[in-house]
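Visitor: Coordinates in query18.txt, compact mmCIF, C-alpha atoms, are listed below.
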```txt
# COMPACT_ATOMS: atom_id res chain seq x y z
CA MET A 1 27.20 -39.54 6.64
CA ASN A 2 28.31 -43.18 6.82
CA LYS A 3 25.68 -45.88 7.03
CA LYS A 4 25.25 -47.15 10.59
CA ILE A 5 26.65 -50.58 11.38
CA LEU A 6 23.58 -52.57 12.37
CA LYS A 7 24.55 -56.19 11.60
CA ARG A 8 27.46 -58.30 12.77
CA PRO A 9 29.63 -60.23 10.32
CA PRO A 10 28.67 -63.91 10.02
CA ILE A 11 29.36 -65.76 13.27
CA GLU A 12 31.32 -68.42 11.37
CA GLU A 13 33.75 -65.78 10.10
CA LEU A 14 34.10 -64.18 13.53
CA LYS A 15 34.92 -67.55 15.11
CA LYS A 16 37.36 -68.41 12.34
CA TYR A 17 39.44 -65.35 13.23
CA ASN A 18 38.89 -65.63 17.00
CA ALA A 19 36.84 -62.42 16.89
CA TYR A 20 33.54 -63.61 18.35
CA VAL A 21 32.63 -61.78 21.57
CA GLU A 22 28.97 -62.12 22.49
CA SER A 23 28.72 -58.71 24.16
CA ASP A 24 30.17 -56.80 21.18
CA THR A 25 28.00 -54.29 19.36
CA PRO A 26 27.77 -54.75 15.57
CA PHE A 27 30.40 -52.04 15.10
CA GLN A 28 32.74 -53.66 17.63
CA SER A 29 32.33 -57.04 15.92
CA HIS A 30 33.38 -55.62 12.56
CA ALA A 31 36.29 -53.74 14.14
CA ARG A 32 37.52 -56.78 16.09
CA LEU A 33 37.39 -58.88 12.93
CA LEU A 34 39.48 -56.28 11.08
CA GLN A 35 42.05 -56.20 13.89
CA ASN A 36 42.37 -59.97 14.15
CA LYS A 37 42.76 -60.39 10.39
CA TRP A 38 45.46 -57.72 10.45
CA LEU A 39 47.17 -59.41 13.39
CA LEU A 40 47.16 -62.81 11.70
CA PHE A 41 48.87 -61.30 8.67
CA LYS A 42 51.44 -59.51 10.83
CA GLU A 43 52.16 -62.52 13.04
CA SER A 44 53.52 -64.54 10.13
CA ALA A 45 55.99 -61.78 9.21
CA LYS A 46 56.85 -61.10 12.85
CA ASP A 47 57.61 -64.73 13.67
CA LYS A 48 59.97 -64.97 10.72
CA LEU A 49 61.91 -61.87 11.81
CA LYS A 50 61.93 -62.91 15.48
CA GLY A 51 63.52 -66.16 14.39
CA GLU A 52 66.27 -64.12 12.77
CA ALA A 53 66.73 -61.80 15.79
CA GLN A 54 70.15 -62.01 17.40
CA ASP A 55 68.99 -61.88 21.04
CA ASN A 56 65.95 -61.60 23.33
CA GLU A 57 66.19 -57.80 23.47
CA ASN A 58 65.87 -57.49 19.71
CA ALA A 59 63.05 -60.01 19.70
CA ASN A 60 61.24 -57.94 22.33
CA LEU A 61 61.67 -54.79 20.25
CA LEU A 62 60.17 -56.58 17.27
CA GLU A 63 57.22 -57.68 19.40
CA LYS A 64 56.48 -54.06 20.29
CA SER A 65 57.18 -52.49 16.93
CA PHE A 66 54.77 -54.80 15.10
CA LEU A 67 51.90 -53.30 17.09
CA PHE A 68 52.29 -50.09 15.07
CA LEU A 69 52.18 -49.28 11.39
CA THR A 70 55.65 -47.72 10.90
CA SER A 71 58.99 -47.66 12.69
CA ASN A 72 58.59 -43.89 13.14
CA ILE A 73 55.34 -44.42 15.01
CA TYR A 74 56.85 -47.13 17.21
CA LYS A 75 59.77 -44.87 18.19
CA LEU A 76 57.36 -42.02 18.90
CA VAL A 77 55.24 -44.21 21.19
CA ASP A 78 58.29 -45.47 23.07
CA LYS A 79 59.58 -41.94 23.60
CA THR A 80 56.16 -40.59 24.63
CA MET A 81 55.59 -43.35 27.17
CA LEU A 82 59.04 -43.12 28.70
CA MET A 83 58.66 -39.36 29.22
CA ALA A 84 56.11 -40.24 31.91
CA SER A 85 57.94 -43.13 33.63
CA ARG A 86 59.25 -46.60 32.90
CA GLU A 87 56.48 -48.11 35.02
CA HIS A 88 53.85 -46.15 33.08
CA ALA A 89 55.47 -47.20 29.80
CA ALA A 90 55.41 -50.88 30.79
CA ASN A 91 51.73 -50.68 31.74
CA VAL A 92 50.78 -48.95 28.50
CA TRP A 93 52.73 -51.45 26.39
CA ASP A 94 50.82 -54.27 28.09
CA ARG A 95 47.52 -52.57 27.25
CA PHE A 96 48.61 -52.08 23.65
CA LYS A 97 49.53 -55.75 23.32
CA ASN A 98 46.29 -56.99 24.86
CA ASN A 99 43.88 -54.56 23.19
CA LEU A 100 44.48 -53.85 19.52
CA MET A 101 41.25 -51.83 19.42
CA SER A 102 42.56 -49.31 21.96
CA SER A 103 41.89 -45.72 20.95
CA GLN A 104 45.26 -44.69 22.36
CA HIS A 105 46.84 -47.22 20.02
CA LEU A 106 44.84 -45.69 17.14
CA CYS A 107 45.93 -42.14 18.05
CA PHE A 108 49.54 -42.96 17.29
CA ASN A 109 48.81 -44.94 14.12
CA LEU A 110 46.55 -42.16 12.84
CA PHE A 111 48.61 -39.06 13.64
CA GLY A 112 52.09 -40.43 14.40
CA GLU A 113 53.64 -39.80 10.99
CA MET A 114 52.42 -36.18 11.19
CA SER A 115 54.69 -35.61 14.20
CA PHE A 116 57.66 -36.25 11.90
CA ASN A 117 56.20 -34.56 8.84
CA LEU A 118 54.60 -31.21 9.65
CA SER A 119 54.09 -30.50 5.96
CA LEU A 120 51.83 -33.54 5.83
CA ALA A 121 50.08 -32.37 9.00
CA THR A 122 49.57 -28.91 7.51
CA GLU A 123 48.20 -30.26 4.25
CA PHE A 124 45.85 -32.56 6.13
CA PHE A 125 44.44 -30.01 8.59
CA LYS A 126 44.13 -27.38 5.85
CA ARG A 127 42.00 -29.91 3.96
CA VAL A 128 39.86 -30.65 7.04
CA LEU A 129 39.66 -27.05 8.34
CA PRO A 130 40.24 -24.91 5.23
CA ASP A 131 38.96 -21.66 6.75
CA GLU A 132 40.99 -22.03 9.92
CA VAL A 133 44.42 -23.66 9.57
CA ALA A 134 47.35 -22.05 7.75
CA GLU A 135 50.26 -24.05 9.16
CA VAL A 136 50.60 -26.86 11.72
CA THR A 137 53.62 -26.39 13.97
CA SER A 138 53.39 -29.34 16.40
CA VAL A 139 51.56 -32.65 16.93
CA VAL A 140 51.96 -34.36 20.33
CA TYR A 141 50.07 -36.84 22.52
CA ASP A 142 48.60 -37.23 26.01
CA TYR A 143 49.15 -33.51 26.59
CA SER A 144 48.04 -30.73 28.91
CA THR A 145 49.65 -27.57 30.24
CA ARG A 146 47.24 -27.63 33.21
CA LYS A 147 48.02 -30.97 34.84
CA GLY A 148 46.85 -30.84 38.45
CA LYS A 149 44.94 -27.60 37.78
CA PRO A 150 42.49 -28.89 38.87
CA ASP A 151 42.72 -32.52 37.66
CA TRP A 152 45.01 -34.62 35.45
CA THR A 153 42.94 -34.64 32.28
CA THR A 154 44.90 -34.56 29.02
CA PHE A 155 44.07 -34.41 25.32
CA ASP A 156 44.62 -37.63 23.38
CA VAL A 157 46.23 -35.59 20.59
CA TYR A 158 47.27 -31.94 20.79
CA VAL A 159 47.91 -29.89 17.64
CA GLU A 160 49.39 -26.38 17.58
CA TYR A 161 48.88 -24.30 14.47
CA LEU A 162 48.98 -20.84 12.94
CA SER A 163 45.52 -19.76 11.86
CA ILE A 164 44.51 -18.08 8.60
CA ALA A 165 44.11 -14.89 10.64
CA GLY A 166 47.70 -15.17 11.88
CA GLU A 167 46.87 -16.30 15.43
CA GLU A 168 48.72 -19.05 17.32
CA LYS A 169 46.01 -21.57 18.28
CA PHE A 170 45.52 -25.23 19.21
CA LEU A 171 43.22 -28.20 18.73
CA GLY A 172 42.63 -30.56 21.64
CA ILE A 173 41.53 -33.87 20.15
CA ILE A 174 39.61 -36.78 21.71
CA VAL A 175 39.89 -40.00 19.70
CA ARG A 176 37.41 -42.84 20.11
CA TYR A 177 37.08 -45.99 18.00
CA CYS A 178 34.97 -48.87 19.33
CA GLU A 179 33.87 -47.30 22.60
CA ASN A 180 30.26 -46.59 23.41
CA MET A 181 31.38 -43.68 25.69
CA ARG A 182 29.71 -45.38 28.67
CA ASP A 183 32.68 -47.29 30.05
CA GLU A 184 33.76 -44.87 32.78
CA GLU A 185 32.55 -45.92 36.21
CA GLU A 186 29.99 -43.46 37.61
CA GLY A 187 31.48 -43.51 41.10
CA LYS A 188 34.85 -42.39 39.75
CA SER A 189 33.22 -39.55 37.83
CA LEU A 190 31.29 -38.39 40.88
CA ARG A 191 34.37 -38.51 43.11
CA LEU A 192 36.21 -36.29 40.64
CA PHE A 193 33.25 -33.95 40.36
CA TYR A 194 32.83 -33.44 44.11
CA LYS A 195 36.58 -33.17 44.70
CA TYR A 196 36.93 -30.37 42.15
CA LYS A 197 33.36 -29.08 42.05
CA ASP A 198 34.21 -25.44 42.75
CA GLN A 199 37.01 -25.33 40.15
CA TYR A 200 34.95 -27.17 37.53
CA SER A 201 31.96 -24.88 38.08
CA ALA A 202 34.12 -21.76 37.82
CA LEU A 203 35.70 -22.94 34.55
CA ALA A 204 32.36 -24.01 33.07
CA GLY A 205 30.68 -20.73 33.98
CA ALA A 206 33.51 -18.57 32.68
CA SER A 207 33.85 -20.50 29.41
CA GLY A 208 30.50 -19.54 27.92
CA TYR A 209 30.38 -22.99 26.30
CA PHE A 210 27.32 -24.33 28.09
CA SER A 211 23.60 -23.65 27.90
CA SER A 212 23.02 -25.69 31.09
CA THR A 213 24.34 -25.10 34.60
CA ASN A 214 23.54 -28.62 35.77
CA TYR A 215 27.19 -29.57 35.77
CA GLN A 216 26.73 -32.83 37.65
CA ASP A 217 24.73 -34.24 34.73
CA MET A 218 27.64 -33.43 32.42
CA ALA A 219 30.19 -34.85 34.84
CA ILE A 220 28.83 -38.42 34.95
CA PRO A 221 28.88 -41.14 32.27
CA PRO A 222 28.47 -41.10 29.38
CA TYR A 223 29.45 -37.42 29.18
CA GLY A 224 32.10 -37.01 31.90
CA GLU A 225 35.22 -37.63 29.87
CA ILE A 226 34.10 -35.29 27.09
CA TRP A 227 33.12 -32.61 29.62
CA ARG A 228 36.46 -32.67 31.46
CA LYS A 229 38.40 -32.39 28.20
CA HIS A 230 36.09 -29.59 27.09
CA LEU A 231 36.87 -27.74 30.32
CA LEU A 232 40.57 -28.37 29.68
CA CYS A 233 40.16 -26.68 26.31
CA TYR A 234 38.97 -23.51 28.04
CA ASN A 235 41.47 -23.85 30.90
CA MET A 236 44.42 -24.06 28.50
CA SER A 237 43.03 -21.17 26.47
CA THR A 238 43.41 -18.99 29.58
CA ASP A 239 46.97 -20.19 30.26
CA THR A 240 49.06 -17.04 29.88
CA LYS A 241 52.29 -19.02 29.40
CA LEU A 242 50.80 -21.00 26.53
CA ASN A 243 49.12 -17.88 25.10
CA ARG A 244 46.99 -19.83 22.60
CA ARG A 245 43.24 -20.13 22.25
CA GLY A 246 41.96 -23.58 21.47
CA GLU A 247 39.01 -25.68 20.42
CA LEU A 248 37.92 -29.24 21.19
CA LEU A 249 37.60 -31.78 18.39
CA VAL A 250 35.92 -35.14 19.10
CA LEU A 251 36.95 -37.72 16.53
CA TYR A 252 35.10 -41.02 16.19
CA PRO A 253 33.45 -43.16 13.49
CA PHE A 254 30.03 -41.66 12.83
CA ASN A 255 28.81 -45.16 11.95
CA ASN A 256 29.58 -46.33 15.50
CA ASP A 257 26.02 -45.61 16.57
CA PRO A 258 26.33 -45.83 20.40
CA CYS A 259 29.24 -43.39 20.38
CA ASP A 260 27.49 -41.10 17.90
CA VAL A 261 24.37 -40.93 20.09
CA VAL A 262 26.38 -39.81 23.13
CA VAL A 263 28.32 -37.09 21.30
CA ARG A 264 25.17 -35.67 19.73
CA GLU A 265 23.31 -35.80 23.07
CA TYR A 266 26.17 -33.93 24.75
CA LYS A 267 26.03 -31.21 22.15
CA ASP A 268 22.23 -30.92 22.03
CA ARG A 269 21.61 -31.10 25.79
CA PHE A 270 24.41 -29.01 27.22
CA LEU A 271 26.06 -26.67 24.72
CA VAL A 272 25.17 -23.27 23.37
CA ASP A 273 23.94 -23.43 19.78
CA SER A 274 26.98 -21.81 18.19
CA ASP A 275 29.94 -24.10 17.44
CA LYS A 276 32.06 -20.97 17.37
CA GLN A 277 31.05 -20.08 20.93
CA SER A 278 31.13 -23.60 22.35
CA LYS A 279 34.52 -24.41 20.75
CA PHE A 280 33.24 -27.93 20.14
CA HIS A 281 33.42 -29.94 16.91
CA ALA A 282 32.70 -33.57 16.02
CA TYR A 283 34.47 -35.16 13.05
CA ASP A 284 34.13 -38.54 11.41
CA LEU A 285 37.14 -40.81 11.94
CA ASN A 286 36.42 -42.58 8.65
CA TYR A 287 36.62 -39.26 6.80
CA PHE A 288 39.95 -38.49 8.50
CA MET A 289 41.42 -41.84 7.47
CA ARG A 290 40.27 -41.55 3.86
CA THR A 291 41.63 -38.00 3.65
CA ILE A 292 45.00 -39.02 5.07
CA ASP A 293 45.22 -41.79 2.49
CA GLN A 294 44.29 -39.42 -0.36
CA ILE A 295 47.09 -37.06 0.67
CA ALA A 296 49.85 -39.47 1.74
CA GLN A 297 49.20 -42.30 -0.76
CA SER A 298 51.65 -44.48 1.14
CA LYS A 299 51.92 -47.99 2.53
CA TRP A 300 51.22 -46.52 5.99
CA SER A 301 48.05 -44.69 4.96
CA LYS A 302 46.75 -47.67 2.99
CA GLU A 303 47.31 -50.00 5.93
CA LEU A 304 45.65 -47.48 8.25
CA VAL A 305 42.47 -47.67 6.19
CA GLU A 306 42.60 -51.43 5.83
CA ARG A 307 43.13 -51.95 9.55
CA TYR A 308 40.61 -49.49 11.01
CA LEU A 309 37.96 -48.44 8.51
CA VAL A 310 34.69 -50.23 9.35
CA GLU A 311 32.09 -50.39 6.62
CA GLU A 312 29.16 -52.76 6.35
CA GLU A 313 28.73 -54.36 2.94
```
Would you write out, as structure tokens, the structure that this file holds?

Guide:
Amino acid sequence: MNKKILKRPPIEELKKYNAYVESDTPFQSHARLLQNKWLLFKESAKDKLKGEAQDNENANLLEKSFLFLTSNIYKLVDKTMLMASREHAANVWDRFKNNLMSSQHLCFNLFGEMSFNLSLATEFFKRVLPDEVAEVTSVVYDYSTRKGKPDWTTFDVYVEYLSIAGEEKFLGIIVRYCENMRDEEEGKSLRLFYKYKDQYSALAGASGYFSSTNYQDMAIPPYGEIWRKHLLCYNMSTDTKLNRRGELLVLYPFNNDPCDVVVREYKDRFLVDSDKQSKFHAYDLNYFMRTIDQIAQSKWSKELVERYLVEEE
């Protein structure tokens, strides 16, 4: 397990790179410093190319594309956002530009190349889940087959695969980076819970995932977002059109202590003891990034590690 991040970088260094935010946790301080150093390096290259751009449209494209690690990933993001709506796409692009530490941003940089290279995706997930995955057949984002049934929860990343046993299955993945898992407003969580209480309770009871029936405790921060995506995992597993059974994978840096505490509390307080029965797994983001780099050995994978991997010296 990675050593917890307990100390901030020197304040002088944080201020030098415009990365000092008083309310940041130690992990967030290290991550913000990494992002701002990366951005400073990219800005110099971007400004040079923007100066060579033929028109404002091309300059705008350069502004967007430099937020991501490869041109493939940029094109994938643009296509994914526009599939929802142009208004949604514009809002998301604004969030990407203003928050380099966004987990949604990270989702694409981490898994985006796998959408174009399923051999890479297969090799990676076989390394991570050697007793489970035989072949990855699809990697997509912000996905659910049960939108509006009952709510609009989606997986951050959705992976379809053929299992070792020959079954068609899926992984629903939650990706978190700097979050402490306590950002969702309690009132919003409660409104969702009471609006869909009967449907949530029916799904939770039928799933067999939970040792507790106090669903309201699961539905509020800091557990609500995990719980709704966990219910989606079961809900999609019962979708006869999809005809795939799935499991939930929560991916975050284990050395981000506030996030780690919440995930472990969720598992210990609410789930049955068996991972196999609960269909719930937690994986270390740092391990994922290192493994991707070991397999890909590319400019993209190296930059992924340099940009996102937080380690305290």

Visitor: Using all atoms listed in the file, which of A:Pro253, A:Gly166, A:Gly172, A:Pro222 sits nearest Lys279 of chain A?

Guide: A:Gly172

Visitor: Residues of segment 99-120 of chain A that approach segment 91-94 of chain A to 12 Å or less, counting all atoms listed in the file: could you list each one with the shortest pair of atoms and its distance in Å to one decimal, rows by chain and increasing residue number, as CSV?

Guide:
```
residue,atom,partner,partner_atom,distance
A:Asn99,CA,A:Asp94,CA,8.5
A:Leu100,CA,A:Asp94,CA,10.7
A:Ser102,CA,A:Val92,CA,10.5
A:Gln104,CA,A:Val92,CA,9.3
A:His105,CA,A:Val92,CA,9.5
```

Visitor: Excluding Phe111 of chain A and any residue of its chain fewer than 2 positions from it, enumerate the residues within 10 Å of it, using all atoms listed in the file, and give them as a list in words.

Guide: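 Counting only the stated atoms, we get Ile73, Leu106, Cys107, Phe108, Asn109, Glu113, Met114, Ser115, Phe116, Ala121, Val139, Val140, Tyr141, Val157, Met289 and Ile292 of chain A.
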
Visitor: Residues near Pro9 of chain A, anyone? I mean within 12 Å using only C-alpha atoms, not counting same-chain ones fewer than 6 positions away, as a list in words.

Guide: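 Near neighbours after the sequence-gap exclusion: Lys15, Lys16, Tyr17, Ala19, Tyr20, Val21, Asp24, Thr25, Pro26, Phe27, Gln28, Ser29, His30, Ala31, Arg32, Leu33, Leu34, Val310, Glu311, Glu312 and Glu313 of chain A.
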
Visitor: My list of candidates is A:Met218, A:Leu251, A:Ala202, A:Leu192. Which is closest to Phe155 of chain A when distances are computed with all atoms listed in the file?

Guide: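 Using all atoms listed in the file, Phe155 of chain A sits closest to A:Leu251.
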
Visitor: Can you tell me which residues surround Leu232 of chain A at a distance of at most 9 Å, considering all atoms listed in the file, apart from same-chain residues fewer than 6 positions away, and format the answer as number ranges by chain?

Guide: A: 144, 146, 153-155, 172, 203, 248

Visitor: Please report the interatomic distance between atom CA of Ala296 of chain A and atom CA of Tyr161 of chain A in Å with one decimal.

Guide: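 Those two atoms sit 19.8 Å apart.
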
Visitor: Record the distance separating atom CA of Asp293 of chain A and atom CA of Leu110 of chain A, expressed in Å with one decimal.

Guide: 10.4 Å

Visitor: Mind giving me the straight-line distance from atom CA of His230 of chain A to atom CA of Lys4 of chain A in Å, one decimal?

Guide: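 Result for atom CA of His230 of chain A versus atom CA of Lys4 of chain A: 26.4 Å, one decimal.
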